[in-house]
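K.L.:
Submitted below is the structure of interest, expressed as structure tokens.
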Amino acid sequence: MIIRIFLGFAAVLLVSCSWFGMKKSKDTENAEANQAPKLVGRIASIPADKKFALIQSYEAWKVETGTILTTRGSDERTANLRVTGESMGQFAAADIQSGAVEIGDAVYSRHVPKPTTTPAPIPETTETTAHPTNP
């Protein structure tokens with residue numbers, strides 16, 4: 001009889017512990033949100049040399065220098081752009097890394113935040129120092 005009560009209590013305890021793990025943590029939700037591509041603008045112009053493009057942003061430009069952006073055209077064309085860091089108002093420049101772009105192509109960013117750097121912990125030493133004893 002006591003064993004049945006103990007087993008029943010253990011089963012309820014295990015099930016209730018799993019209920020607490022059912023919610024997604026905020027870190028997991030943020031990680032998923034950070035990986036979804038976000039529409040940040042469109043190709044506004046491409047100079048004749050076709051080595052870079054001007055992007056017209058749809059909101060305040062918060063893309064870091066060196067970030068890789070992707071474009072998508074109406075005929076399934078894609079390209080990769082690298083943000084140069086030059087911007088003026090709602091326009092920003094990006095070097096064309098690969099693919100072909102045309103005016104009006106959608107520009108997407110997949111924001112991956114930089115990892116925070118924390119100082120390495122200082123290892124504790126286990127050295128023991130000899131204490132002189134008085135005779």
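Every chain in the structure tokens takes a letter, A first, then B, and so on in the order presented; its residues are numbered from 1, and the ligands are numbered from 1 following the presented order.
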Please report as a Markdown table every residue of range 53-107 of chain A lying within 12 Å of range 38-46 of chain A, along with the nearest atom pair and their distance in Å (one decimal), using only C-alpha atoms.
P.N.:
```
| residue | atom | partner | partner_atom | distance |
| --- | --- | --- | --- | --- |
| A:Ala53 | CA | A:Ile46 | CA | 4.6 |
| A:Leu54 | CA | A:Ser45 | CA | 5.3 |
| A:Ile55 | CA | A:Ile43 | CA | 4.7 |
| A:Gln56 | CA | A:Gly41 | CA | 5.4 |
| A:Ser57 | CA | A:Gly41 | CA | 4.1 |
| A:Tyr58 | CA | A:Gly41 | CA | 5.0 |
| A:Glu59 | CA | A:Val40 | CA | 7.2 |
| A:Ala60 | CA | A:Val40 | CA | 9.2 |
| A:Trp61 | CA | A:Val40 | CA | 8.2 |
| A:Lys62 | CA | A:Val40 | CA | 9.5 |
| A:Val63 | CA | A:Val40 | CA | 9.0 |
| A:Leu69 | CA | A:Val40 | CA | 9.2 |
| A:Thr70 | CA | A:Leu39 | CA | 9.6 |
| A:Thr71 | CA | A:Arg42 | CA | 8.2 |
| A:Arg72 | CA | A:Arg42 | CA | 9.5 |
| A:Gly73 | CA | A:Ile43 | CA | 9.8 |
| A:Ala79 | CA | A:Ile43 | CA | 11.2 |
| A:Leu81 | CA | A:Ile43 | CA | 10.7 |
| A:Gln90 | CA | A:Gly41 | CA | 9.3 |
| A:Phe91 | CA | A:Ala44 | CA | 8.1 |
| A:Ala92 | CA | A:Ala44 | CA | 9.6 |
| A:Ala93 | CA | A:Ser45 | CA | 9.8 |
| A:Ala94 | CA | A:Ile43 | CA | 9.9 |
| A:Asp95 | CA | A:Ile46 | CA | 10.3 |
| A:Ile96 | CA | A:Ile46 | CA | 9.9 |
| A:Ala100 | CA | A:Ile46 | CA | 10.6 |
| A:Val101 | CA | A:Ile43 | CA | 7.7 |
| A:Glu102 | CA | A:Ile43 | CA | 6.9 |
| A:Ile103 | CA | A:Ile43 | CA | 5.0 |
| A:Gly104 | CA | A:Ile43 | CA | 5.0 |
| A:Asp105 | CA | A:Ile43 | CA | 5.3 |
| A:Ala106 | CA | A:Arg42 | CA | 4.6 |
| A:Val107 | CA | A:Gly41 | CA | 5.1 |
```
K.L.:
Would you mind listing what lies within 6 Å of Val83 in chain A as a PyMOL selection string, with only C-alpha atoms counted and same-chain residues fewer than 4 positions away left out?
P.N.:
chain A and resi 65-67+94
K.L.:
Considering only C-alpha atoms, can you say which of A:Pro37, A:Ile5, A:Asp49, A:Glu64 comes closest to Ser87 in chain A?
P.N.:
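Selected residue with least distance to Ser87 in chain A: A:Glu64.
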K.L.:
Going by DSSP on the backbone, which residues of range 24-97 of chain A come out as alpha helix (DSSP H)? List them as a list in words.
P.N.:
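Secondary structure check on range 24-97 of chain A, alpha helix (DSSP H): Lys26, Asp27, Thr28, Glu29, Asn30, Ala31, Glu32, Ala33, Asn34 and Gln35 of chain A.
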K.L.:
Quick one: write out the picked residues with N, CA, C and O atoms as a PDB file, in the first residue's frame?
P.N.:
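What landed in result_3.pdb:
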```pdb
ATOM      1  N   LYS A  26      12.735  33.029 -22.833  1.00  0.00           N
ATOM      2  CA  LYS A  26      12.840  34.267 -23.614  1.00  0.00           C
ATOM      3  C   LYS A  26      14.057  34.226 -24.505  1.00  0.00           C
ATOM      4  O   LYS A  26      14.046  34.769 -25.598  1.00  0.00           O
ATOM      5  N   ASP A  27      15.147  33.569 -24.057  1.00  0.00           N
ATOM      6  CA  ASP A  27      16.346  33.468 -24.881  1.00  0.00           C
ATOM      7  C   ASP A  27      16.059  32.685 -26.156  1.00  0.00           C
ATOM      8  O   ASP A  27      16.514  33.047 -27.227  1.00  0.00           O
ATOM      9  N   THR A  28      15.295  31.593 -26.041  1.00  0.00           N
ATOM     10  CA  THR A  28      14.961  30.789 -27.202  1.00  0.00           C
ATOM     11  C   THR A  28      14.081  31.583 -28.166  1.00  0.00           C
ATOM     12  O   THR A  28      14.293  31.558 -29.371  1.00  0.00           O
ATOM     13  N   GLU A  29      13.098  32.305 -27.633  1.00  0.00           N
ATOM     14  CA  GLU A  29      12.230  33.109 -28.482  1.00  0.00           C
ATOM     15  C   GLU A  29      13.021  34.208 -29.171  1.00  0.00           C
ATOM     16  O   GLU A  29      12.813  34.487 -30.347  1.00  0.00           O
ATOM     17  N   ASN A  30      13.935  34.867 -28.455  1.00  0.00           N
ATOM     18  CA  ASN A  30      14.758  35.918 -29.055  1.00  0.00           C
ATOM     19  C   ASN A  30      15.663  35.349 -30.130  1.00  0.00           C
ATOM     20  O   ASN A  30      15.866  35.978 -31.164  1.00  0.00           O
ATOM     21  N   ALA A  31      16.211  34.164 -29.902  1.00  0.00           N
ATOM     22  CA  ALA A  31      17.097  33.546 -30.891  1.00  0.00           C
ATOM     23  C   ALA A  31      16.321  33.247 -32.172  1.00  0.00           C
ATOM     24  O   ALA A  31      16.826  33.464 -33.269  1.00  0.00           O
ATOM     25  N   GLU A  32      15.084  32.762 -32.038  1.00  0.00           N
ATOM     26  CA  GLU A  32      14.281  32.478 -33.220  1.00  0.00           C
ATOM     27  C   GLU A  32      13.933  33.767 -33.953  1.00  0.00           C
ATOM     28  O   GLU A  32      13.961  33.828 -35.176  1.00  0.00           O
ATOM     29  N   ALA A  33      13.609  34.812 -33.213  1.00  0.00           N
ATOM     30  CA  ALA A  33      13.260  36.089 -33.845  1.00  0.00           C
ATOM     31  C   ALA A  33      14.460  36.699 -34.537  1.00  0.00           C
ATOM     32  O   ALA A  33      14.322  37.341 -35.575  1.00  0.00           O
ATOM     33  N   ASN A  34      15.648  36.518 -33.970  1.00  0.00           N
ATOM     34  CA  ASN A  34      16.852  37.093 -34.560  1.00  0.00           C
ATOM     35  C   ASN A  34      17.253  36.391 -35.846  1.00  0.00           C
ATOM     36  O   ASN A  34      17.982  36.953 -36.643  1.00  0.00           O
ATOM     37  N   GLN A  35      16.804  35.165 -36.069  1.00  0.00           N
ATOM     38  CA  GLN A  35      17.217  34.424 -37.240  1.00  0.00           C
ATOM     39  C   GLN A  35      16.264  34.598 -38.429  1.00  0.00           C
ATOM     40  O   GLN A  35      16.593  34.232 -39.532  1.00  0.00           O
TER      41      GLN A  35
END
```
K.L.:
Mind giving me the straight-line distance from CA of Ala48 in chain A to CA of Asp75 in chain A in Å, one decimal?
P.N.:
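Going from CA of Ala48 in chain A over to CA of Asp75 in chain A, I get 21.5 Å.
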K.L.:
Quote the spacing between CA of Arg77 in chain A and CA of Lys50 in chain A in Å to one decimal place.
P.N.:
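About the pair CA of Arg77 in chain A and CA of Lys50 in chain A: they are 15.5 Å apart.
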